[in-house]
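Enquirer: Sending over target.cif (mmCIF, C-alpha atoms).
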data_structure
#
loop_
_atom_site.label_atom_id
_atom_site.label_comp_id
_atom_site.auth_asym_id
_atom_site.auth_seq_id
_atom_site.Cartn_x
_atom_site.Cartn_y
_atom_site.Cartn_z
CA MET A 1 53.68 -116.24 -6.87
CA THR A 2 55.51 -112.92 -6.67
CA PRO A 3 56.67 -112.15 -3.13
CA PRO A 4 55.27 -108.97 -1.58
CA ARG A 5 57.32 -105.87 -2.27
CA ILE A 6 58.82 -104.01 0.66
CA LEU A 7 58.75 -100.27 1.26
CA TYR A 8 60.78 -98.78 4.10
CA CYS A 9 60.21 -95.18 5.30
CA HIS A 10 63.15 -93.51 7.05
CA CYS A 11 61.01 -90.60 8.36
CA GLN A 12 64.06 -88.44 7.70
CA TYR A 13 62.62 -85.07 8.69
CA ALA A 14 61.16 -85.86 12.11
CA GLN A 15 62.18 -87.68 15.24
CA VAL A 16 58.98 -89.68 15.71
CA LEU A 17 60.33 -93.14 14.87
CA PRO A 18 62.73 -94.45 17.50
CA SER A 19 66.10 -94.11 15.77
CA GLU A 20 67.34 -97.49 17.01
CA VAL A 21 64.24 -99.15 15.52
CA LYS A 22 64.36 -97.50 12.11
CA GLU A 23 68.13 -97.95 11.77
CA GLY A 24 67.90 -101.52 13.08
CA VAL A 25 65.20 -102.42 10.58
CA LEU A 26 67.12 -100.81 7.72
CA ARG A 27 70.30 -102.62 8.75
CA LYS A 28 68.55 -105.99 8.84
CA LEU A 29 66.90 -105.37 5.48
CA CYS A 30 70.37 -104.67 4.07
CA GLU A 31 71.77 -107.82 5.69
CA SER A 32 68.95 -109.97 4.30
CA GLY A 33 69.83 -109.24 0.69
CA VAL A 34 66.17 -108.86 -0.29
CA ALA A 35 65.02 -106.29 -2.80
CA PHE A 36 63.30 -103.30 -1.21
CA GLU A 37 62.49 -99.65 -1.70
CA ALA A 38 63.69 -97.12 0.86
CA VAL A 39 62.32 -93.60 0.93
CA ALA A 40 63.49 -90.67 2.99
CA ASP A 41 59.97 -89.68 3.97
CA LEU A 42 56.65 -91.22 2.96
CA CYS A 43 54.79 -88.00 3.83
CA GLU A 44 56.92 -86.19 1.25
CA LEU A 45 56.11 -88.81 -1.41
CA SER A 46 52.43 -88.34 -0.65
CA ALA A 47 52.54 -84.54 -0.84
CA ARG A 48 54.52 -84.65 -4.09
CA LYS A 49 52.30 -87.42 -5.50
CA ASP A 50 55.41 -89.39 -6.37
CA PRO A 51 54.89 -92.06 -9.09
CA LEU A 52 56.57 -94.65 -6.88
CA LEU A 53 53.36 -94.85 -4.82
CA LYS A 54 51.45 -96.04 -7.86
CA GLU A 55 54.20 -98.38 -8.99
CA LEU A 56 54.37 -100.07 -5.61
CA THR A 57 50.68 -100.96 -5.68
CA SER A 58 50.55 -102.07 -9.28
CA ASN A 59 51.71 -105.64 -8.88
CA GLY A 60 50.85 -107.92 -5.97
CA GLY A 61 51.29 -107.58 -2.24
CA LEU A 62 53.02 -104.76 -0.43
CA LYS A 63 54.61 -104.59 3.02
CA ILE A 64 55.28 -101.13 4.38
CA ALA A 65 57.56 -100.28 7.29
CA ALA A 66 56.47 -96.83 8.39
CA CYS A 67 54.08 -95.58 11.09
CA TYR A 68 50.43 -96.11 12.04
CA PRO A 69 48.39 -98.08 9.46
CA ARG A 70 45.62 -95.45 9.49
CA ALA A 71 48.13 -92.72 8.65
CA VAL A 72 49.82 -94.80 5.95
CA LYS A 73 46.50 -95.71 4.33
CA TRP A 74 45.45 -92.08 4.00
CA LEU A 75 48.92 -90.84 3.04
CA PHE A 76 48.73 -93.12 -0.01
CA SER A 77 45.21 -91.91 -0.67
CA ALA A 78 46.36 -88.27 -0.47
CA GLY A 79 49.09 -89.21 -2.93
CA GLY A 80 46.41 -90.37 -5.36
CA VAL A 81 46.75 -94.11 -4.78
CA ALA A 82 44.33 -96.44 -3.01
CA LEU A 83 45.99 -99.27 -1.11
CA ASP A 84 44.34 -102.65 -1.52
CA PRO A 85 43.33 -103.77 2.01
CA SER A 86 43.70 -107.41 1.03
CA MET A 87 47.22 -106.90 -0.32
CA THR A 88 48.81 -104.56 2.20
CA GLU A 89 50.56 -105.13 5.51
CA ILE A 90 51.91 -102.28 7.61
CA CYS A 91 54.72 -102.64 10.15
CA ASN A 92 54.42 -99.76 12.59
CA LEU A 93 57.94 -98.63 13.47
CA ARG A 94 56.52 -96.27 16.10
CA THR A 95 55.31 -99.16 18.23
CA GLU A 96 56.96 -102.40 17.07
CA SER A 97 60.35 -103.79 18.04
CA ILE A 98 63.05 -104.36 15.42
CA GLU A 99 62.48 -108.10 15.66
CA THR A 100 58.70 -107.91 15.23
CA ALA A 101 58.97 -105.49 12.33
CA ILE A 102 61.68 -107.40 10.49
CA ASP A 103 59.89 -110.73 11.02
CA GLY A 104 56.79 -109.20 9.44
CA LEU A 105 58.73 -107.74 6.53
CA LEU A 106 60.78 -110.80 5.69
CA ARG A 107 58.25 -113.57 6.18
CA PRO A 108 57.02 -114.65 2.74
CA GLU A 109 53.33 -114.57 3.52
CA LEU A 110 51.29 -111.40 3.79
CA HIS A 111 49.15 -110.57 6.86
CA PRO A 112 46.92 -107.72 5.66
CA ASN A 113 46.16 -105.22 8.43
CA LEU A 114 44.96 -102.02 6.80
CA PRO A 115 42.10 -100.39 8.77
CA THR A 116 38.81 -100.68 6.95
CA SER A 117 36.21 -99.12 9.20
CA ALA A 118 35.54 -95.85 10.96
CA LYS A 119 34.35 -97.41 14.18
CA ALA A 120 36.00 -96.04 17.29
CA GLU A 121 37.86 -98.47 19.49
CA PRO A 122 36.23 -99.01 22.87
CA SER A 123 38.16 -97.25 25.61
CA SER A 124 39.98 -99.48 28.03
CA PRO A 125 38.55 -99.24 31.54
CA SER A 126 40.57 -96.95 33.77
CA MET B 1 60.22 -75.20 -2.44
CA ALA B 2 57.45 -76.37 -4.75
CA LEU B 3 55.44 -79.55 -4.39
CA SER B 4 55.70 -80.02 -8.13
CA GLU B 5 59.42 -80.70 -7.76
CA PRO B 6 59.94 -84.46 -8.02
CA ILE B 7 62.06 -86.70 -5.82
CA LEU B 8 65.31 -88.17 -7.14
CA HIS B 9 65.16 -91.97 -7.49
CA VAL B 10 68.33 -94.01 -7.27
CA ALA B 11 68.83 -97.74 -7.83
CA LEU B 12 71.59 -99.50 -5.96
CA TYR B 13 72.82 -102.12 -8.42
CA GLU B 14 74.71 -105.24 -7.32
CA GLY B 15 73.98 -107.54 -10.24
CA LYS B 16 76.11 -108.78 -13.12
CA GLY B 17 78.97 -106.41 -13.85
CA ALA B 18 79.07 -104.94 -10.36
CA ARG B 19 80.52 -106.04 -7.05
CA ALA B 20 78.09 -107.13 -4.33
CA LEU B 21 78.43 -104.81 -1.37
CA ALA B 22 79.02 -106.04 2.15
CA PRO B 23 75.83 -105.62 4.25
CA SER B 24 77.38 -102.85 6.33
CA GLU B 25 78.49 -101.00 3.20
CA ARG B 26 75.03 -101.40 1.71
CA PHE B 27 73.48 -100.04 4.90
CA GLU B 28 75.79 -97.02 5.07
CA THR B 29 75.25 -96.24 1.39
CA ILE B 30 71.47 -96.38 1.62
CA ARG B 31 71.33 -94.48 4.90
CA SER B 32 73.53 -91.76 3.46
CA LEU B 33 71.30 -91.43 0.38
CA LEU B 34 68.16 -91.28 2.52
CA SER B 35 69.69 -88.47 4.56
CA LYS B 36 69.96 -86.57 1.25
CA GLY B 37 66.23 -86.98 0.60
CA VAL B 38 66.74 -89.55 -2.17
CA ALA B 39 64.51 -92.61 -2.75
CA VAL B 40 66.58 -95.79 -3.10
CA ARG B 41 65.71 -99.07 -4.80
CA ARG B 42 67.80 -102.04 -3.64
CA ALA B 43 67.16 -104.32 -6.59
CA ASP B 44 68.68 -105.37 -9.85
CA ASP B 45 65.80 -104.35 -12.07
CA PRO B 46 65.62 -100.73 -13.15
CA GLY B 47 62.07 -99.83 -12.10
CA LEU B 48 61.66 -96.15 -11.44
CA THR B 49 65.24 -94.95 -11.62
CA ASP B 50 67.00 -91.70 -12.43
CA VAL B 51 70.48 -92.83 -11.44
CA TRP B 52 72.21 -96.19 -11.05
CA ILE B 53 74.78 -96.46 -8.33
CA GLY B 54 77.06 -99.41 -7.68
CA ASP B 55 80.60 -100.64 -7.55
CA PHE B 56 80.74 -101.25 -11.27
CA VAL B 57 83.33 -103.69 -12.60
CA SER B 58 82.40 -103.74 -16.26
CA LEU B 59 78.81 -103.40 -17.39
CA VAL B 60 76.66 -100.40 -16.81
CA PRO B 61 73.12 -101.77 -16.37
CA ASP B 62 71.43 -99.24 -18.58
CA PRO B 63 73.56 -96.96 -20.74
CA THR B 64 70.73 -94.46 -21.11
CA THR B 65 70.66 -93.75 -17.38
CA THR B 66 73.41 -92.04 -15.41
CA ALA B 67 75.59 -94.53 -13.54
CA VAL B 68 77.65 -93.38 -10.58
CA SER B 69 80.34 -95.46 -8.91
CA ILE B 70 80.18 -95.72 -5.15
CA GLY B 71 83.32 -94.40 -3.54
CA SER B 72 84.32 -92.19 -6.44
CA ASP B 73 85.34 -88.66 -5.50
CA ALA B 74 82.67 -87.29 -7.79
CA PHE B 75 79.82 -89.29 -6.20
CA ASP B 76 78.12 -86.35 -4.48
CA GLY B 77 78.72 -84.12 -7.50
CA HIS B 78 77.06 -86.64 -9.84
CA LEU B 79 74.06 -86.92 -7.54
CA SER B 80 73.74 -83.16 -7.35
CA GLU B 81 73.98 -82.93 -11.14
CA SER B 82 71.29 -85.60 -11.55
CA ARG B 83 69.06 -83.73 -9.13
CA GLN B 84 69.46 -80.53 -11.11
CA LYS B 85 68.89 -82.33 -14.42
CA LYS B 86 65.60 -83.73 -13.14
CA GLY B 87 64.60 -80.48 -11.43
CA ALA B 88 64.27 -82.51 -8.25
CA ALA B 89 63.65 -81.09 -4.81
CA ALA B 90 66.70 -80.03 -2.83
CA THR B 91 67.62 -81.95 0.30
CA ALA B 92 65.57 -81.00 3.35
CA SER B 93 63.97 -78.06 1.56
CA TRP B 94 60.73 -78.75 3.43
CA LYS B 95 59.68 -80.70 6.49
CA PRO B 96 56.63 -82.58 5.21
CA TRP B 97 54.14 -81.49 7.87
CA PHE B 98 50.53 -81.25 6.75
CA PRO B 99 47.08 -82.62 7.62
CA VAL B 100 46.03 -86.00 6.27
CA ILE B 101 42.29 -86.69 6.13
CA ASP B 102 40.83 -90.00 7.25
CA TYR B 103 37.84 -90.17 4.90
CA ASP B 104 36.47 -93.13 6.83
CA ARG B 105 35.76 -90.58 9.56
CA CYS B 106 35.40 -87.20 7.81
CA THR B 107 31.80 -85.95 7.59
CA ASN B 108 32.64 -83.02 5.28
CA CYS B 109 31.51 -80.55 7.96
CA MET B 110 34.11 -77.98 6.80
CA GLN B 111 35.08 -76.92 10.31
CA CYS B 112 38.75 -77.39 9.41
CA LEU B 113 38.40 -75.37 6.22
CA SER B 114 36.62 -72.66 8.16
CA PHE B 115 39.28 -72.69 10.87
CA CYS B 116 42.49 -72.73 8.83
CA LEU B 117 43.96 -69.28 8.21
CA PHE B 118 46.55 -70.42 5.74
CA GLY B 119 44.55 -71.80 2.83
CA VAL B 120 45.64 -75.40 3.33
CA TYR B 121 42.14 -76.77 2.72
CA GLY B 122 39.90 -76.59 -0.29
CA VAL B 123 37.21 -78.65 -1.97
CA ASP B 124 37.12 -80.70 -5.14
CA SER B 125 34.53 -80.38 -7.89
CA ASP B 126 32.11 -82.49 -5.81
CA ARG B 127 32.52 -80.12 -2.85
CA LYS B 128 34.41 -82.75 -0.96
CA LEU B 129 37.02 -81.51 1.49
CA GLN B 130 40.62 -81.78 0.31
CA VAL B 131 44.04 -80.84 1.56
CA GLN B 132 45.20 -78.77 -1.38
CA ASN B 133 48.18 -76.73 -0.25
CA GLN B 134 50.26 -78.93 2.03
CA ASP B 135 53.23 -76.61 1.82
CA GLN B 136 51.24 -73.72 3.31
CA CYS B 137 50.68 -75.60 6.56
CA LYS B 138 52.58 -74.26 9.57
CA THR B 139 55.21 -76.78 10.65
CA ASN B 140 54.41 -78.54 13.93
CA CYS B 141 51.00 -76.85 14.25
CA PRO B 142 48.15 -79.38 14.65
CA ALA B 143 45.50 -76.78 15.52
CA CYS B 144 42.99 -77.73 12.79
CA SER B 145 42.92 -81.31 14.05
CA ARG B 146 41.66 -79.90 17.34
CA VAL B 147 38.48 -78.53 15.81
CA CYS B 148 37.55 -81.75 14.02
CA PRO B 149 34.71 -83.36 15.98
CA GLU B 150 35.40 -86.77 14.40
CA ALA B 151 39.16 -86.92 14.94
CA ALA B 152 39.49 -87.32 11.18
CA ILE B 153 42.53 -85.08 10.78
CA MET B 154 45.93 -86.67 11.25
CA PHE B 155 49.42 -85.27 11.33
CA PRO B 156 51.54 -88.41 10.98
CA LYS B 157 54.58 -86.70 12.53
CA TYR B 158 52.64 -85.57 15.62
CA LYS B 159 53.77 -87.01 18.93
CA ALA B 160 50.53 -88.49 20.26
CA GLY B 161 47.38 -90.30 19.18
CA PRO B 162 44.93 -90.13 17.62
CA ILE B 163 46.38 -87.14 15.73
CA ASN B 164 49.43 -89.21 14.75
CA GLY B 165 47.20 -91.84 13.12
CA ASP B 166 46.78 -94.13 16.11
CA LEU B 167 43.34 -95.69 16.52
CA VAL B 168 40.56 -93.36 17.61
CA SER B 169 38.95 -94.42 20.87
CA ASP B 170 35.55 -93.46 22.29
CA ALA B 171 37.41 -91.41 24.87
CA ASP B 172 39.23 -89.51 22.09
CA LEU B 173 35.92 -88.68 20.45
CA GLN B 174 34.45 -87.42 23.72
CA ARG B 175 37.54 -85.28 24.24
CA GLU B 176 37.28 -83.81 20.74
CA LYS B 177 33.61 -82.98 21.25
CA MET B 178 34.46 -81.33 24.56
CA LYS B 179 37.06 -79.15 22.85
CA VAL B 180 34.52 -77.96 20.34
CA ASP B 181 32.14 -77.16 23.19
CA ILE B 182 34.82 -75.22 25.02
CA SER B 183 35.47 -73.28 21.86
CA SER B 184 31.74 -72.51 21.60
CA LEU B 185 31.66 -71.26 25.17
CA LEU B 186 34.37 -68.81 24.25
CA GLY B 187 32.16 -67.22 21.64
CA GLY B 188 31.52 -69.61 18.76
CA ASP B 189 35.12 -70.09 17.80
CA VAL B 190 38.49 -68.66 18.57
CA TYR B 191 38.30 -66.35 15.59
CA ALA B 192 35.06 -64.86 16.84
CA LEU B 193 36.96 -64.07 19.99
CA LEU B 194 39.75 -62.51 17.97
CA ARG B 195 37.29 -60.50 15.91
CA GLU B 196 35.71 -59.14 19.08
CA ARG B 197 39.13 -58.20 20.37
CA SER B 198 39.93 -56.70 17.02
CA GLU B 199 36.82 -54.48 17.09
CA LYS B 200 37.69 -53.21 20.54
CA ALA B 201 41.25 -52.61 19.46
CA ARG B 202 40.15 -50.73 16.33
CA SER B 203 37.94 -48.35 18.27
CA ARG B 204 40.70 -47.71 20.77
CA PHE B 205 43.35 -47.30 18.07
CA SER B 206 41.21 -44.64 16.39
CA LYS B 207 41.74 -42.56 19.53
CA GLU B 208 45.33 -43.39 20.30
CA ARG B 209 47.52 -44.88 17.59
CA ASP B 210 50.25 -46.20 19.79
CA SER B 211 52.23 -48.98 18.13
CA ASP B 212 53.29 -50.45 21.47
CA LYS B 213 49.68 -50.77 22.55
CA ALA B 214 48.77 -52.31 19.22
CA LEU B 215 51.46 -54.88 19.69
CA ALA B 216 50.30 -55.57 23.25
CA GLU B 217 46.75 -56.10 22.00
CA ARG B 218 47.95 -58.55 19.39
CA GLN B 219 49.93 -60.43 21.99
CA LYS B 220 46.83 -60.68 24.20
CA CYS B 221 44.83 -62.12 21.32
CA LEU B 222 47.52 -64.61 20.50
CA THR B 223 47.87 -65.64 24.13
CA LYS B 224 44.12 -66.25 24.23
CA LEU B 225 44.36 -68.29 21.05
CA ALA B 226 47.19 -70.31 22.54
CA SER B 227 45.16 -71.01 25.67
CA VAL B 228 42.34 -72.41 23.55
CA ALA B 229 44.58 -74.51 21.33
CA SER B 230 47.58 -75.26 23.51
CA ASP B 231 49.36 -77.31 20.85
CA ILE B 232 50.07 -74.32 18.62
CA PRO B 233 53.84 -73.75 18.73
CA PRO B 234 55.00 -70.29 19.89
CA GLU B 235 56.80 -69.68 16.60
CA VAL B 236 53.54 -70.19 14.72
CA LEU B 237 51.76 -67.76 17.01
CA ALA B 238 54.57 -65.28 16.59
CA SER B 239 54.24 -65.46 12.81
CA LEU B 240 50.48 -65.01 12.75
CA PRO B 241 49.19 -61.88 11.06
CA SER B 242 47.55 -58.98 12.88
CA PRO B 243 44.15 -59.52 14.54
CA GLU B 244 42.49 -57.60 11.72
CA GLU B 245 44.15 -59.78 9.12
CA ILE B 246 43.28 -62.89 11.11
CA ALA B 247 39.66 -61.77 11.20
CA ARG B 248 39.69 -61.08 7.46
CA ARG B 249 41.20 -64.48 6.64
CA ALA B 250 38.85 -66.23 9.04
CA GLU B 251 35.86 -64.65 7.32
CA ALA B 252 37.23 -65.65 3.93
CA ALA B 253 37.76 -69.22 5.13
CA ALA B 254 34.26 -69.35 6.62
CA ALA B 255 32.78 -68.06 3.36
CA LYS B 256 34.72 -70.71 1.45
CA ALA B 257 33.36 -73.38 3.79
CA LYS B 258 29.80 -72.10 3.43
CA ALA B 259 30.11 -72.10 -0.34
CA ALA B 260 31.44 -75.66 -0.23
CA LEU B 261 28.47 -76.71 1.83
CA GLY B 262 26.11 -74.94 -0.59
CA LEU B 263 24.77 -72.60 2.11
#
Please lay out the structure from this file as structure tokens.
Expert:
Amino acid sequence: MTPPRILYCHCQYAQVLPSEVKEGVLRKLCESGVAFEAVADLCELSARKDPLLKELTSNGGLKIAACYPRAVKWLFSAGGVALDPSMTEICNLRTESIETAIDGLLRPELHPNLPTSAKAEPSSPS
Amino acid sequence: MALSEPILHVALYEGKGARALAPSERFETIRSLLSKGVAVRRADDPGLTDVWIGDFVSLVPDPTTTAVSIGSDAFDGHLSESRQKKGAAATASWKPWFPVIDYDRCTNCMQCLSFCLFGVYGVDSDRKLQVQNQDQCKTNCPACSRVCPEAAIMFPKYKAGPINGDLVSDADLQREKMKVDISSLLGGDVYALLRERSEKARSRFSKERDSDKALAERQKCLTKLASVASDIPPEVLASLPSPEEIARRAEAAAAKAKAALGL
């Protein structure tokens, strides 16, 4: 079975991803020797409807290191490509540690986590 | 800057005929390319590639595609040439800031289309809301997300949830509804307020055409707008058109929304 492909977003034009996390994840991807795609900014790919979005979803599973799964799902949609919820796993570099993100990206199995419903999350009691 | 300009795709090749890079060298190379706005494939198959880069010893992986040697003096020049050849976007020509619609939440109410002064929104042939002109959005301004009663508008580069794409909680929804109510209390919407101000200003200007007073009136309107939508950056407010023009654009946007809704 083909291993999931990996897409890494560097969020080059904003400071919203902790720099130590995004650089740490990129460094560990480089150390691992795995094949991966790195893009300067996933938002830009979406706005420009870059063909890479389509190519990434055309063959098997996909792991994406970027930001919130809800944002990633609809960025792909805005770029003209529907992500398959059963074949997509998002590592959220805004909230995850380097270790958690890289474990998710490099482990061979896929843990799909794309949001599928519009239901609001219950508020935590204050 | 045009959204039709493509992105330059580069493949970092370390297969047969090229030296494998040390991990630190690989990291620095890829990070440097990303800082130039380039998409990089770290793989030995060509995929979607405009340029091969690598420390080539003998073979060039695909003679039909430009191959550039890492470390050569002409590296940056070759990349720049490839970018020009493809007609690709220049580095950092645009900060990709624009609304992204969560269609699991959007009810097609057209409040965002009616609110936006800059023509970012439109509808498709089925009258479904679309973000059509991302590059017309005002950088760092999330104001339209504030009028969405369903928290369906995201700006992925925004600092806080749910606008940044974080999960929407019940509390978020209540807050969004409250904002719409506050807006209503101020006269239907902020543009109605501006229009009212504009009318008063017009009648006064007909008597005394003082440019300083006109400017002061505009500033008052913009201050009021900022108090309603506190996330609008000052530079966006400063670049807004005159109250009359705002009113004209708001009416045009509202008409577009009504047409989309078939009203």
Enquirer: Please, which residues of chain A lie no more than 8 Å from chain B when the count uses all atoms listed in the file, and can they be set out as a ChimeraX atom specification?
Expert: /A:10,12-14,16,26-27,30-31,33-41,43-45,47-48,50,52,67-71,74-75,78,116-118,120-123
Enquirer: Atoms to include: C-alpha atoms. Write the selected residues as a PDB file, in the coordinates of the input.
Expert:
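out-v6.pdb written:
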ATOM      1  CA  HIS A  10      63.150 -93.510   7.050  1.00  0.00           C
ATOM      2  CA  GLN A  12      64.060 -88.440   7.700  1.00  0.00           C
ATOM      3  CA  TYR A  13      62.620 -85.070   8.690  1.00  0.00           C
ATOM      4  CA  ALA A  14      61.160 -85.860  12.110  1.00  0.00           C
ATOM      5  CA  VAL A  16      58.980 -89.680  15.710  1.00  0.00           C
ATOM      6  CA  LEU A  26      67.120-100.810   7.720  1.00  0.00           C
ATOM      7  CA  ARG A  27      70.300-102.620   8.750  1.00  0.00           C
ATOM      8  CA  CYS A  30      70.370-104.670   4.070  1.00  0.00           C
ATOM      9  CA  GLU A  31      71.770-107.820   5.690  1.00  0.00           C
ATOM     10  CA  GLY A  33      69.830-109.240   0.690  1.00  0.00           C
ATOM     11  CA  VAL A  34      66.170-108.860  -0.290  1.00  0.00           C
ATOM     12  CA  ALA A  35      65.020-106.290  -2.800  1.00  0.00           C
ATOM     13  CA  PHE A  36      63.300-103.300  -1.210  1.00  0.00           C
ATOM     14  CA  GLU A  37      62.490 -99.650  -1.700  1.00  0.00           C
ATOM     15  CA  ALA A  38      63.690 -97.120   0.860  1.00  0.00           C
ATOM     16  CA  VAL A  39      62.320 -93.600   0.930  1.00  0.00           C
ATOM     17  CA  ALA A  40      63.490 -90.670   2.990  1.00  0.00           C
ATOM     18  CA  ASP A  41      59.970 -89.680   3.970  1.00  0.00           C
ATOM     19  CA  CYS A  43      54.790 -88.000   3.830  1.00  0.00           C
ATOM     20  CA  GLU A  44      56.920 -86.190   1.250  1.00  0.00           C
ATOM     21  CA  LEU A  45      56.110 -88.810  -1.410  1.00  0.00           C
ATOM     22  CA  ALA A  47      52.540 -84.540  -0.840  1.00  0.00           C
ATOM     23  CA  ARG A  48      54.520 -84.650  -4.090  1.00  0.00           C
ATOM     24  CA  ASP A  50      55.410 -89.390  -6.370  1.00  0.00           C
ATOM     25  CA  LEU A  52      56.570 -94.650  -6.880  1.00  0.00           C
ATOM     26  CA  CYS A  67      54.080 -95.580  11.090  1.00  0.00           C
ATOM     27  CA  TYR A  68      50.430 -96.110  12.040  1.00  0.00           C
ATOM     28  CA  PRO A  69      48.390 -98.080   9.460  1.00  0.00           C
ATOM     29  CA  ARG A  70      45.620 -95.450   9.490  1.00  0.00           C
ATOM     30  CA  ALA A  71      48.130 -92.720   8.650  1.00  0.00           C
ATOM     31  CA  TRP A  74      45.450 -92.080   4.000  1.00  0.00           C
ATOM     32  CA  LEU A  75      48.920 -90.840   3.040  1.00  0.00           C
ATOM     33  CA  ALA A  78      46.360 -88.270  -0.470  1.00  0.00           C
ATOM     34  CA  THR A 116      38.810-100.680   6.950  1.00  0.00           C
ATOM     35  CA  SER A 117      36.210 -99.120   9.200  1.00  0.00           C
ATOM     36  CA  ALA A 118      35.540 -95.850  10.960  1.00  0.00           C
ATOM     37  CA  ALA A 120      36.000 -96.040  17.290  1.00  0.00           C
ATOM     38  CA  GLU A 121      37.860 -98.470  19.490  1.00  0.00           C
ATOM     39  CA  PRO A 122      36.230 -99.010  22.870  1.00  0.00           C
ATOM     40  CA  SER A 123      38.160 -97.250  25.610  1.00  0.00           C
TER      41      SER A 123
END
Enquirer: Pick out the residues sitting within 10 Å of Asp126 (chain B), and hand them over as a list in words; count only C-alpha atoms, and ignore anything fewer than 3 positions along from it in its own chain.
Expert: Val123, Leu129 and Ala260 of chain B
Enquirer: What does the distance from CA of Arg248 (chain B) to CA of Gln111 (chain B) come to in Å, to one decimal?
Expert: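 Spanning CA of Arg248 (chain B) to CA of Gln111 (chain B) is a straight-line distance of 16.7 Å.
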Enquirer: Would you work out the distance separating CA of Ala255 (chain B) from CA of Thr139 (chain B), expressed in Å to one decimal?
Expert: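 Between these atoms lies a distance of 25.1 Å.
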Enquirer: If I take CA of Lys86 (chain B) and CA of Val51 (chain B), how far is one from the other in Å, to one decimal?
Expert: 10.5 Å
Enquirer: Can you pull out the residues contacting His78 (chain B)? Cut-off 10 Å, using all atoms listed in the file, and skip same-chain residues under 2 positions away; I want them as a compact mmCIF listing (two decimals) with C-alpha atoms, keeping the file's coordinate frame.
Expert:
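Here's the written file selection-v8.txt:
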# COMPACT_ATOMS: atom_id res chain seq x y z
CA VAL B 51 70.48 -92.83 -11.44
CA THR B 66 73.41 -92.04 -15.41
CA ALA B 67 75.59 -94.53 -13.54
CA VAL B 68 77.65 -93.38 -10.58
CA SER B 69 80.34 -95.46 -8.91
CA SER B 72 84.32 -92.19 -6.44
CA ASP B 73 85.34 -88.66 -5.50
CA ALA B 74 82.67 -87.29 -7.79
CA PHE B 75 79.82 -89.29 -6.20
CA ASP B 76 78.12 -86.35 -4.48
CA SER B 80 73.74 -83.16 -7.35
CA GLU B 81 73.98 -82.93 -11.14
CA SER B 82 71.29 -85.60 -11.55
CA ARG B 83 69.06 -83.73 -9.13
CA GLN B 84 69.46 -80.53 -11.11
Enquirer: Taking all atoms listed in the file into account, name the residue in B:Leu263, B:Ala257, B:Ala247, B:Cys148 that is nearest to Lys128 (chain B).
Expert: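 Of all the options, B:Ala257 lies closest to Lys128 (chain B).
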Enquirer: Decode the PyMOL selection byres ((chain A and resi 107) around 12) for the given file into explicit residues and return them as JSON, numbers by chain.
Expert: {"A": [3, 4, 5, 6, 29, 32, 34, 63, 89, 99, 100, 101, 102, 103, 104, 105, 106, 108, 109, 110, 111]}
Enquirer: Skip Asp55 (chain B) itself and residues of its chain fewer than 2 positions away, then list as an NGL selection string all residues within 8 Å of it, counting only C-alpha atoms.
Expert: :B and (13-14 or 18-21 or 53 or 57 or 69-71)
Enquirer: To test the calculation: enclose all listed atoms of region 81-90 of chain A in a box whose edges run along x, y and z, add 5 Å on each side, then state centre and edge lengths in Å to one decimal, as JSON.
Expert:
{"center_x": 47.6, "center_y": -100.8, "center_z": 1.4, "size_x": 18.6, "size_y": 23.3, "size_z": 22.4}
Enquirer: Here is a test: counting all atoms listed in the file, which residue of A:Val25, A:Met1, A:Ala82, A:Leu17 is nearest to Lys54 (chain A)?
Expert: A:Ala82
Enquirer: Here is a test: counting all atoms listed in the file, which residue of A:Leu62, A:Leu7, A:Leu53, A:Leu93 is nearest to Gly24 (chain A)?
Expert: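 Smallest distance to Gly24 (chain A) is found for A:Leu93.
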